[in-house]
Structures are given as structure tokens and as C-alpha cells.
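Dumped target_13.csv below, it's CSV, C-alpha atoms:
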chain,number,residue,atom,x,y,z
A,25,MET,CA,0.0,0.0,0.0
A,26,ASN,CA,2.8,2.4,0.9
A,27,LYS,CA,4.5,1.8,-2.4
A,28,LEU,CA,1.2,2.3,-4.3
A,29,LEU,CA,0.7,5.6,-2.6
A,30,TYR,CA,4.2,6.6,-3.6
A,31,TYR,CA,3.6,5.8,-7.3
A,32,ILE,CA,0.4,7.9,-7.2
A,33,TRP,CA,2.1,10.7,-5.2
A,34,PHE,CA,5.3,11.0,-7.2
A,35,PRO,CA,4.0,11.9,-10.7
A,36,LEU,CA,1.5,14.3,-9.1
A,37,ILE,CA,4.2,16.1,-7.2
A,38,TRP,CA,6.5,16.0,-10.2
A,39,LEU,CA,4.0,17.9,-12.3
A,40,ILE,CA,3.0,20.4,-9.5
A,41,SER,CA,6.7,21.2,-8.8
A,42,LEU,CA,7.1,22.4,-12.5
A,43,LEU,CA,4.8,25.4,-11.7
A,44,PRO,CA,6.4,28.7,-10.9
A,45,ILE,CA,6.9,29.1,-7.2
A,46,SER,CA,4.7,32.3,-7.2
A,47,PHE,CA,1.8,30.1,-8.3
A,48,LEU,CA,2.7,27.4,-5.7
A,49,TYR,CA,2.3,30.0,-3.0
A,50,ARG,CA,-1.3,30.4,-4.2
A,51,ILE,CA,-1.8,26.7,-3.7
A,52,SER,CA,-0.3,27.2,-0.2
A,53,ASP,CA,-2.8,29.9,0.6
A,54,LEU,CA,-5.6,27.5,-0.4
A,55,LEU,CA,-4.1,24.6,1.5
A,56,TYR,CA,-4.0,26.8,4.7
A,57,TYR,CA,-7.8,26.6,5.0
A,58,PRO,CA,-8.3,22.8,5.2
A,59,VAL,CA,-5.2,22.5,7.4
A,60,SER,CA,-6.6,25.2,9.7
A,61,LEU,CA,-10.2,24.0,9.7
A,62,ALA,CA,-9.1,20.4,10.4
A,63,GLY,CA,-6.9,21.7,13.2
A,64,TYR,CA,-3.8,19.7,12.1
A,65,ARG,CA,-2.2,18.5,15.4
A,66,LYS,CA,-3.8,21.6,17.0
A,67,ARG,CA,-3.8,20.1,20.5
A,68,VAL,CA,-0.1,19.2,20.4
A,69,ILE,CA,0.9,22.5,19.0
A,70,LEU,CA,-1.1,24.6,21.5
A,71,ASP,CA,0.2,22.4,24.4
A,72,ASN,CA,3.8,22.9,23.2
A,73,LEU,CA,3.2,26.7,23.0
A,74,ARG,CA,1.6,26.7,26.4
A,75,ARG,CA,4.6,24.9,27.9
A,76,ALA,CA,7.2,27.1,26.1
A,77,PHE,CA,5.4,30.4,26.6
A,78,PRO,CA,3.4,30.1,29.9
A,79,GLN,CA,3.4,33.9,30.3
A,80,GLN,CA,1.5,34.5,27.1
A,81,SER,CA,-2.3,34.5,26.7
A,82,ASP,CA,-4.4,31.9,24.9
A,83,GLU,CA,-5.1,34.5,22.3
A,84,TRP,CA,-1.4,35.0,21.6
A,85,ARG,CA,-0.9,31.2,21.3
A,86,LYS,CA,-3.8,30.9,18.9
A,87,ASN,CA,-2.3,33.7,16.7
A,88,ILE,CA,1.0,31.8,16.6
A,89,LEU,CA,-0.9,28.7,15.7
A,90,LYS,CA,-2.4,30.4,12.6
A,91,LYS,CA,1.0,31.8,11.6
A,92,PHE,CA,2.6,28.4,12.1
A,93,TYR,CA,0.0,26.8,9.8
A,94,ARG,CA,0.7,29.4,7.1
A,95,HIS,CA,4.5,28.8,7.3
A,96,PHE,CA,3.9,25.0,7.5
A,97,CYS,CA,1.9,25.1,4.2
A,98,ASP,CA,4.7,27.2,2.6
A,99,LEU,CA,7.3,24.8,3.8
A,100,PHE,CA,5.3,21.9,2.2
A,101,ILE,CA,5.3,23.6,-1.3
A,102,GLU,CA,8.8,24.8,-1.0
A,103,THR,CA,10.0,21.3,-0.3
A,104,MET,CA,8.1,20.0,-3.4
A,105,LYS,CA,9.6,22.8,-5.5
A,106,LEU,CA,13.1,21.4,-4.7
A,107,GLN,CA,12.5,18.8,-7.4
A,108,HIS,CA,12.7,21.4,-10.2
A,109,ILE,CA,14.0,24.7,-8.7
A,110,SER,CA,17.0,26.0,-10.6
A,111,ASP,CA,20.4,26.8,-9.1
A,112,LYS,CA,19.9,30.4,-9.9
A,113,GLU,CA,16.5,30.6,-8.1
A,114,ILE,CA,17.6,28.8,-5.0
A,115,TYR,CA,20.7,31.0,-4.9
A,116,ASN,CA,18.4,34.0,-4.8
A,117,ARG,CA,15.9,32.6,-2.4
A,118,ILE,CA,18.2,31.3,0.3
A,119,THR,CA,21.2,33.5,1.1
A,120,PHE,CA,24.2,33.0,3.4
A,121,SER,CA,26.5,35.2,5.3
A,122,ASN,CA,29.8,34.5,7.1
A,123,THR,CA,30.5,31.5,4.9
A,124,LYS,CA,34.1,32.6,4.8
A,125,ILE,CA,34.3,30.9,8.3
A,126,LEU,CA,33.7,27.6,6.5
A,127,ASP,CA,36.2,28.3,3.7
A,128,ASP,CA,38.9,29.4,6.1
A,129,ALA,CA,38.4,26.2,8.1
A,130,ALA,CA,38.9,24.1,5.0
A,131,GLU,CA,42.1,26.1,4.1
A,132,GLU,CA,43.4,25.4,7.6
A,133,GLY,CA,42.7,21.7,7.2
A,134,LYS,CA,39.8,21.8,9.7
A,135,ASP,CA,36.4,20.3,9.3
A,136,VAL,CA,33.1,21.9,10.4
A,137,ILE,CA,30.2,20.6,12.5
A,138,ALA,CA,27.2,22.8,11.6
A,139,VAL,CA,24.2,22.7,14.0
A,140,LEU,CA,20.7,23.8,13.1
A,141,GLY,CA,17.1,23.1,14.1
A,142,HIS,CA,13.7,22.4,12.5
A,143,TYR,CA,13.3,26.1,12.1
A,144,GLY,CA,12.6,28.2,8.9
A,145,ASN,CA,13.2,25.9,5.9
A,146,TRP,CA,15.8,23.3,6.8
A,147,GLU,CA,15.2,21.5,3.5
A,148,TRP,CA,16.7,24.3,1.5
A,149,VAL,CA,19.8,24.6,3.7
A,150,PRO,CA,21.8,22.0,1.6
A,151,ALA,CA,22.0,24.8,-1.0
A,152,ILE,CA,24.9,26.1,1.0
A,153,ASN,CA,26.9,23.7,-1.2
A,154,LEU,CA,26.7,26.3,-3.9
A,155,HIS,CA,28.6,28.7,-1.7
A,156,ILE,CA,31.4,26.8,0.0
A,157,ARG,CA,34.5,24.8,-1.0
A,158,ALA,CA,34.3,21.8,1.3
A,159,GLN,CA,31.8,19.0,0.7
A,160,GLY,CA,28.6,19.3,2.6
A,161,TYR,CA,27.0,16.4,4.3
A,162,SER,CA,23.5,16.2,5.9
A,163,VAL,CA,22.8,13.7,8.7
A,164,TYR,CA,19.3,12.3,8.6
A,165,ARG,CA,17.0,9.7,10.1
A,166,PRO,CA,15.7,7.3,7.4
A,167,LEU,CA,12.0,7.3,6.9
A,168,LYS,CA,10.2,4.0,7.5
A,169,ASN,CA,8.7,4.2,4.0
A,170,LYS,CA,11.6,3.3,1.7
A,171,SER,CA,10.1,4.9,-1.4
A,172,PHE,CA,9.5,8.2,0.3
A,173,ASP,CA,12.9,8.0,2.0
A,174,LYS,CA,14.5,7.6,-1.5
A,175,TYR,CA,12.5,10.6,-2.7
A,176,MET,CA,13.6,12.9,0.1
A,177,ILE,CA,17.2,11.9,-0.3
A,178,MET,CA,16.9,12.9,-4.0
A,179,LEU,CA,15.5,16.3,-3.0
A,180,ARG,CA,18.2,16.9,-0.4
A,181,SER,CA,20.9,16.0,-2.9
A,182,ARG,CA,19.9,18.5,-5.5
A,183,PHE,CA,22.7,20.9,-4.9
A,184,GLY,CA,25.5,18.5,-4.3
A,185,SER,CA,25.0,17.8,-0.7
A,186,GLU,CA,25.5,14.2,0.4
A,187,ASN,CA,23.2,12.5,2.9
A,188,VAL,CA,24.3,10.1,5.6
A,189,PRO,CA,22.0,8.0,7.9
A,190,MET,CA,22.5,8.9,11.6
A,191,LYS,CA,23.8,5.5,12.5
A,192,LYS,CA,26.5,5.6,9.7
A,193,THR,CA,27.9,9.1,10.6
A,194,LEU,CA,30.8,7.9,12.6
A,195,ARG,CA,32.0,5.6,9.9
A,196,LEU,CA,31.6,8.3,7.3
A,197,VAL,CA,33.6,10.9,9.3
A,198,ALA,CA,36.4,8.3,10.1
A,199,GLY,CA,36.6,7.5,6.4
A,200,LEU,CA,36.8,11.2,5.4
A,201,LYS,CA,39.5,11.9,8.0
A,202,LYS,CA,41.5,9.0,6.8
A,203,GLN,CA,41.3,10.3,3.2
A,204,ASN,CA,42.0,13.9,4.4
A,205,LYS,CA,38.9,15.2,2.7
A,206,ARG,CA,37.5,18.4,4.2
A,207,PHE,CA,33.8,18.5,5.0
A,208,VAL,CA,30.9,20.5,6.6
A,209,LEU,CA,28.6,18.1,8.5
A,210,GLY,CA,25.1,19.4,9.1
A,211,LEU,CA,23.2,18.1,12.1
A,212,ILE,CA,19.7,18.9,13.1
A,213,ALA,CA,19.9,18.9,16.9
A,214,ASP,CA,16.4,19.6,18.2
A,215,GLN,CA,15.0,16.0,17.7
A,216,SER,CA,14.1,14.1,20.7
A,217,PRO,CA,16.5,11.3,21.6
A,218,ALA,CA,15.2,7.8,21.9
A,219,ARG,CA,14.3,7.1,25.5
A,220,SER,CA,17.2,4.6,25.9
A,221,GLU,CA,19.6,7.2,24.4
A,222,ILE,CA,18.9,10.1,26.8
A,223,GLN,CA,22.2,11.3,28.4
A,224,TYR,CA,21.6,14.9,29.1
A,225,TRP,CA,18.8,17.2,30.2
A,226,THR,CA,18.7,21.0,30.0
A,227,ASN,CA,16.1,23.8,30.4
A,228,PHE,CA,14.9,24.6,26.9
A,229,LEU,CA,12.0,27.0,26.4
A,230,THR,CA,11.2,26.8,30.1
A,231,GLN,CA,10.9,23.0,30.0
A,232,PRO,CA,13.3,20.2,31.1
A,233,THR,CA,14.3,18.8,27.8
A,234,PRO,CA,16.5,15.8,26.7
A,235,ILE,CA,19.1,16.9,24.2
A,236,LEU,CA,21.1,15.0,21.6
A,237,LEU,CA,24.8,15.1,22.2
A,238,GLY,CA,25.8,14.1,18.7
A,239,PRO,CA,27.1,17.6,17.6
A,240,GLU,CA,29.3,18.0,20.7
A,241,LYS,CA,30.7,14.5,20.5
A,242,MET,CA,31.3,14.8,16.7
A,243,ALA,CA,33.0,18.2,17.2
A,244,LYS,CA,35.4,16.8,19.8
A,245,MET,CA,36.1,13.8,17.6
A,246,VAL,CA,37.2,15.9,14.6
A,247,ASN,CA,38.6,18.8,16.6
A,248,GLY,CA,37.5,21.2,13.9
A,249,ARG,CA,35.1,24.1,14.1
A,250,VAL,CA,31.5,24.3,15.4
A,251,VAL,CA,29.0,26.7,13.9
A,252,PHE,CA,25.3,27.4,14.3
A,253,PHE,CA,23.1,28.1,11.2
A,254,LYS,CA,21.0,31.0,12.4
A,255,VAL,CA,17.9,31.1,10.1
A,256,SER,CA,15.8,34.1,9.4
A,257,LYS,CA,12.9,34.7,7.0
A,258,PRO,CA,13.0,38.3,5.6
A,259,LYS,CA,9.9,37.7,3.5
A,260,ARG,CA,7.8,35.0,2.1
A,261,GLY,CA,9.8,32.5,0.0
A,262,HIS,CA,13.1,34.0,1.1
A,263,TYR,CA,15.5,32.8,3.9
A,264,HIS,CA,18.8,33.9,5.2
A,265,ILE,CA,21.4,31.8,7.0
A,266,GLU,CA,24.0,33.5,9.2
A,267,VAL,CA,26.9,31.2,10.0
A,268,VAL,CA,27.5,31.8,13.7
A,269,PRO,CA,30.8,30.4,15.0
A,270,TRP,CA,31.5,28.9,18.4
A,271,ASN,CA,34.7,30.7,19.5
A,272,GLY,CA,35.7,28.3,22.3
A,273,ASP,CA,38.5,25.8,22.4
A,274,ILE,CA,37.1,22.4,21.5
A,275,GLU,CA,39.9,20.4,23.1
A,276,ASN,CA,39.5,22.1,26.4
A,277,ALA,CA,35.7,22.6,26.3
A,278,GLU,CA,33.8,21.6,29.4
A,279,GLU,CA,31.4,18.7,29.0
A,280,PHE,CA,28.0,20.0,27.6
A,281,GLU,CA,29.5,23.5,27.0
A,282,ILE,CA,29.1,23.2,23.2
A,283,THR,CA,25.6,21.6,23.6
A,284,GLU,CA,24.4,24.4,25.8
A,285,TRP,CA,25.7,27.0,23.3
A,286,HIS,CA,23.8,25.7,20.3
A,287,VAL,CA,20.7,25.1,22.4
A,288,ARG,CA,20.7,28.7,23.5
A,289,GLN,CA,21.2,29.9,19.9
A,290,LEU,CA,18.1,28.0,18.7
A,291,GLU,CA,16.1,29.1,21.7
A,292,LYS,CA,16.8,32.7,20.9
A,293,CYS,CA,15.6,32.2,17.3
A,294,ILE,CA,12.4,30.5,18.4
A,295,THR,CA,11.7,33.3,21.0
A,296,GLU,CA,12.1,35.9,18.3
A,297,ARG,CA,9.8,34.2,15.7
A,298,PRO,CA,8.0,31.2,17.2
A,299,GLU,CA,5.9,30.4,14.2
A,300,LEU,CA,9.0,29.3,12.2
A,301,TRP,CA,9.7,26.3,14.5
A,302,LEU,CA,8.2,22.9,14.0
A,303,TRP,CA,5.7,22.8,16.9
A,304,SER,CA,3.7,19.8,15.6
A,305,HIS,CA,5.8,17.1,17.3
A,306,LYS,CA,5.5,16.1,20.9
A,307,ARG,CA,8.6,17.9,22.2
A,308,TRP,CA,8.3,17.1,25.9
A,309,LYS,CA,7.0,13.5,26.0
A,310,TYR,CA,9.7,12.3,28.5
A,311,GLN,CA,9.1,14.8,31.3
A,312,ASN,CA,7.7,12.1,33.7
A,313,MET,CA,11.0,10.3,33.2
A,314,TYR,CA,12.9,13.5,34.1
A,315,ARG,CA,10.9,14.0,37.3
A,316,GLY,CA,11.6,10.4,38.3
A,317,SER,CA,15.3,10.8,37.7
Conversion result in C-alpha cells:
Amino acid sequence: MNKLLYYIWFPLIWLISLLPISFLYRISDLLYYPVSLAGYRKRVILDNLRRAFPQQSDEWRKNILKKFYRHFCDLFIETMKLQHISDKEIYNRITFSNTKILDDAAEEGKDVIAVLGHYGNWEWVPAINLHIRAQGYSVYRPLKNKSFDKYMIMLRSRFGSENVPMKKTLRLVAGLKKQNKRFVLGLIADQSPARSEIQYWTNFLTQPTPILLGPEKMAKMVNGRVVFFKVSKPKRGHYHIEVVPWNGDIENAEEFEITEWHVRQLEKCITERPELWLWSHKRWKYQNMYRGS
């Protein structure tokens, strides 16, 4: 059944993605109404907003919910458009600053661990490969549906970025180091760890939250550079990524110091524009475990 759905979905999306993005945003405007009326994961989103912003009113949270739905619909069509968007158009629609930090690291023989969250449009971030010298890699969690997983890998590879499953990251990095090949490794760090993998808790958006330690461990392993991709959305259909460096000494960094740094970077972004974060997942499902620890 999953494969059948894929074979129905793929040609439809292929045709839709041929349309100009300006027209696709009209589809997004129409899509907003059924998403909003059906209340897509409304209870989860509002509960997450209540936990993260307890000082805000119900009216404020409902307003953020509406803005989130509009951004979510845009994100959907922007991801579809990846199939046919040109290098020139993506170059103009997602811009980058401070990429010299990444090029300087490559010249110095250093690799880069780049941390980001499910904020703005993370599916367009691999377009950074059009701006840097080192090879870009994106770490991902494979989808259960193999057909859709293959489709998403194809989209994420459009601009030369290579994709590596989370469980194979260490092997990849070890191989690249052995071959002395410079790389920028992108890690989305706001996913919830599996219950059995929880090693660290911090206060994130007012809530005790388990945090993945992968970026910090990887940074110490390669002894390279650590940066945070700070995403902003100047206007609809346009994003900007500022490469923010961590200026500490990796070798002598305290345990969890790098983790706390990138968590605070993301927290600040979310506080400034909450609607751009992916609120529709259960972010704080392990709190009973924390209280019992």
C-alpha cells in the first residue's frame, strides 16, 4: 500500500513542482484553509506553545498557531519545489552570510560541524553547497517508507549535498578523515533522543528537555570548528542563514558546553519568531522520566 501511494504521489508532485513558485504560494494559501479547519495537530501545537510560553495569553498562542499553519503550508510547497527549482532561483531565495568561516576552516585543514534546528526551511539549507569549498553532508533519520525516503534523499541532494544516515555518521567521518577530505557536516539537533539514548537534560523554552549530544561528540572527535546556522525569514519565500561560530577551544571545552551553546542559539531564534519552528511534534514527552530521575 505504501509503495502504491508513492507511485500515485510521485507523478503528481513532479507535475506540480514544475509550476512557478509564485503560483505554488497560491496553492499554499488554499491549503491553509483545510489545514486550519481540520486543526492539524492543534492540541499538540497549543500544548507545546503553552509549555514554552506560559506567560503568554491563549489569544497569543492561537495567533502563533495560525502563523505556524501558514508557514507550514509554505514549507510543504517549498519542499516540493526542490525537485525542479534551478540553481539560480535557489541561490536568490536562500542567502548565506559568514561562509568565509567555513572556507577558512577548509584552508586550515579543519572540518566543520554545523548545527541547526527544525526552524525556517531546513530542507533548503543544503543549497549552501553552492557557496562553499568543502563538501557538505547532511545527517538524517531514514523514513520507514523506503520509497519516500529515497524521494527525500533525492531532493536533499539537488545541490551536491551528500546524505548520511545517523547510524553511519561515525563511519563516514572516520573515512573522510583517513582520506584527508574536508567536510561540513550538518546536524539537526532539536530532535528528541530515543528514551534509551537520553544522556543529558537542560532547560529549553522553560521546559526540562533531553538533548542529543551528537554535535558535541562529533565536534570533539574531529577537533574542527563548530557553527550554528541561524535562520531568518526576511519575507515569504526567502530565507537567510547566518553562520555563527562557536569561539571556544574544543579540546578544552567543558562537558556539555558546546551543547548548551547551540541550544541557546536555537532558543533565541524561536523566541524571536515562534511560528517558524516545527511545533507539531511532541517535544516534551519524557518529562515524567525526568521527574523520576
- As a check of understanding: the span from CA of Met190 in chain A to CA of Arg165 in chain A is 5.8 Å
- Query: From the set A:Trp308, A:Phe252, A:Tyr56, A:Trp301, which residue has the shortest atom-to-atom contact distance to Leu140 in chain A, counting all atoms listed in the file?
  - Reply: A:Phe252
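Between CA of Leu70 in chain A and CA of Asn87 in chain A the separation is 10.4 Å.
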- Message: What's the separation between CA of Leu154 in chain A and CA of Phe253 in chain A, in Å to one decimal place?
- Response: 15.6 Å
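Among the candidates A:Val139, A:Ala198, A:Met176, A:Ile114, the one nearest to Trp285 in chain A when counting only C-alpha atoms is A:Val139.
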- Task: Please identify all polymer residues within 7 Å of range 211-216 of chain A, counting only C-alpha atoms, omitting same-chain residues fewer than 3 positions from it, and present them as a PyMOL selection string.
- Result: chain A and resi 138-142+162-163+234-236+239+307
Nearby residues (only C-alpha atoms) at most 12 Å from range 80-83 of chain A, same-chain spacing under 6 positions excluded, as a PDB file with C-alpha atoms, in the coordinates of the input:
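Dumped to out31.pdb:
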ATOM      1  CA  LEU A  70      -1.100  24.600  21.500  1.00  0.00           C
ATOM      2  CA  ASP A  71       0.200  22.400  24.400  1.00  0.00           C
ATOM      3  CA  LEU A  73       3.200  26.700  23.000  1.00  0.00           C
ATOM      4  CA  ARG A  74       1.600  26.700  26.400  1.00  0.00           C
ATOM      5  CA  LEU A  89      -0.900  28.700  15.700  1.00  0.00           C
ATOM      6  CA  LYS A  90      -2.400  30.400  12.600  1.00  0.00           C
ATOM      7  CA  THR A 295      11.700  33.300  21.000  1.00  0.00           C
TER       8      THR A 295
END
- Query: Which residues, protein or nucleic acid, reach to within 10 Å of (31.3, 17.0, 19.8) in the file's coordinates when using all atoms listed in the file, and can you give that as a PyMOL selection string?
  - Reply: chain A and resi 137+237-250+274-275+277+279-283
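Proximity of A:Met178, A:Leu194, A:Ile40, A:Ile294 to Glu147 in chain A, computed with all atoms listed in the file, is greatest for A:Met178.
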Once N, CA and C atoms are restored for range 147-166 of chain A, what would the output be as a PDB file, in the coordinates of the input?
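Written out: rebuild06.pdb:
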ATOM      1  N   GLU A 147      14.997  22.267   4.728  1.00  0.00           N
ATOM      2  CA  GLU A 147      15.200  21.500   3.500  1.00  0.00           C
ATOM      3  C   GLU A 147      15.912  22.231   2.417  1.00  0.00           C
ATOM      4  N   TRP A 148      15.967  23.554   2.505  1.00  0.00           N
ATOM      5  CA  TRP A 148      16.700  24.300   1.500  1.00  0.00           C
ATOM      6  C   TRP A 148      18.156  24.581   1.954  1.00  0.00           C
ATOM      7  N   VAL A 149      18.481  24.306   3.202  1.00  0.00           N
ATOM      8  CA  VAL A 149      19.800  24.600   3.700  1.00  0.00           C
ATOM      9  C   VAL A 149      20.941  23.904   2.928  1.00  0.00           C
ATOM     10  N   PRO A 150      20.745  22.658   2.419  1.00  0.00           N
ATOM     11  CA  PRO A 150      21.800  22.000   1.600  1.00  0.00           C
ATOM     12  C   PRO A 150      22.283  22.852   0.428  1.00  0.00           C
ATOM     13  N   ALA A 151      21.515  23.884   0.047  1.00  0.00           N
ATOM     14  CA  ALA A 151      22.000  24.800  -1.000  1.00  0.00           C
ATOM     15  C   ALA A 151      23.234  25.513  -0.674  1.00  0.00           C
ATOM     16  N   ILE A 152      23.660  25.432   0.578  1.00  0.00           N
ATOM     17  CA  ILE A 152      24.900  26.100   1.000  1.00  0.00           C
ATOM     18  C   ILE A 152      26.083  25.473   0.179  1.00  0.00           C
ATOM     19  N   ASN A 153      25.898  24.271  -0.369  1.00  0.00           N
ATOM     20  CA  ASN A 153      26.900  23.700  -1.200  1.00  0.00           C
ATOM     21  C   ASN A 153      27.298  24.516  -2.405  1.00  0.00           C
ATOM     22  N   LEU A 154      26.382  25.411  -2.805  1.00  0.00           N
ATOM     23  CA  LEU A 154      26.700  26.300  -3.900  1.00  0.00           C
ATOM     24  C   LEU A 154      27.568  27.468  -3.502  1.00  0.00           C
ATOM     25  N   HIS A 155      27.833  27.580  -2.185  1.00  0.00           N
ATOM     26  CA  HIS A 155      28.600  28.700  -1.700  1.00  0.00           C
ATOM     27  C   HIS A 155      29.892  28.392  -1.006  1.00  0.00           C
ATOM     28  N   ILE A 156      30.189  27.124  -0.791  1.00  0.00           N
ATOM     29  CA  ILE A 156      31.400  26.800   0.000  1.00  0.00           C
ATOM     30  C   ILE A 156      32.286  25.809  -0.790  1.00  0.00           C
ATOM     31  N   ARG A 157      33.521  25.680  -0.313  1.00  0.00           N
ATOM     32  CA  ARG A 157      34.500  24.800  -1.000  1.00  0.00           C
ATOM     33  C   ARG A 157      34.449  23.397  -0.506  1.00  0.00           C
ATOM     34  N   ALA A 158      34.309  23.189   0.785  1.00  0.00           N
ATOM     35  CA  ALA A 158      34.300  21.800   1.300  1.00  0.00           C
ATOM     36  C   ALA A 158      33.003  21.115   0.945  1.00  0.00           C
ATOM     37  N   GLN A 159      33.031  19.799   0.976  1.00  0.00           N
ATOM     38  CA  GLN A 159      31.800  19.000   0.700  1.00  0.00           C
ATOM     39  C   GLN A 159      30.864  19.056   1.838  1.00  0.00           C
ATOM     40  N   GLY A 160      29.606  19.317   1.530  1.00  0.00           N
ATOM     41  CA  GLY A 160      28.600  19.300   2.600  1.00  0.00           C
ATOM     42  C   GLY A 160      27.903  17.985   2.716  1.00  0.00           C
ATOM     43  N   TYR A 161      27.653  17.591   3.960  1.00  0.00           N
ATOM     44  CA  TYR A 161      27.000  16.400   4.300  1.00  0.00           C
ATOM     45  C   TYR A 161      25.806  16.678   5.232  1.00  0.00           C
ATOM     46  N   SER A 162      24.684  16.005   5.045  1.00  0.00           N
ATOM     47  CA  SER A 162      23.500  16.200   5.900  1.00  0.00           C
ATOM     48  C   SER A 162      23.237  14.840   6.621  1.00  0.00           C
ATOM     49  N   VAL A 163      23.148  14.882   7.945  1.00  0.00           N
ATOM     50  CA  VAL A 163      22.800  13.700   8.700  1.00  0.00           C
ATOM     51  C   VAL A 163      21.286  13.604   8.825  1.00  0.00           C
ATOM     52  N   TYR A 164      20.714  12.423   8.580  1.00  0.00           N
ATOM     53  CA  TYR A 164      19.300  12.300   8.600  1.00  0.00           C
ATOM     54  C   TYR A 164      18.839  10.965   9.244  1.00  0.00           C
ATOM     55  N   ARG A 165      17.600  10.944   9.669  1.00  0.00           N
ATOM     56  CA  ARG A 165      17.000   9.700  10.100  1.00  0.00           C
ATOM     57  C   ARG A 165      16.164   9.119   9.001  1.00  0.00           C
ATOM     58  N   PRO A 166      16.487   7.918   8.538  1.00  0.00           N
ATOM     59  CA  PRO A 166      15.700   7.300   7.400  1.00  0.00           C
ATOM     60  C   PRO A 166      14.252   7.178   7.743  1.00  0.00           C
TER      61      PRO A 166
END
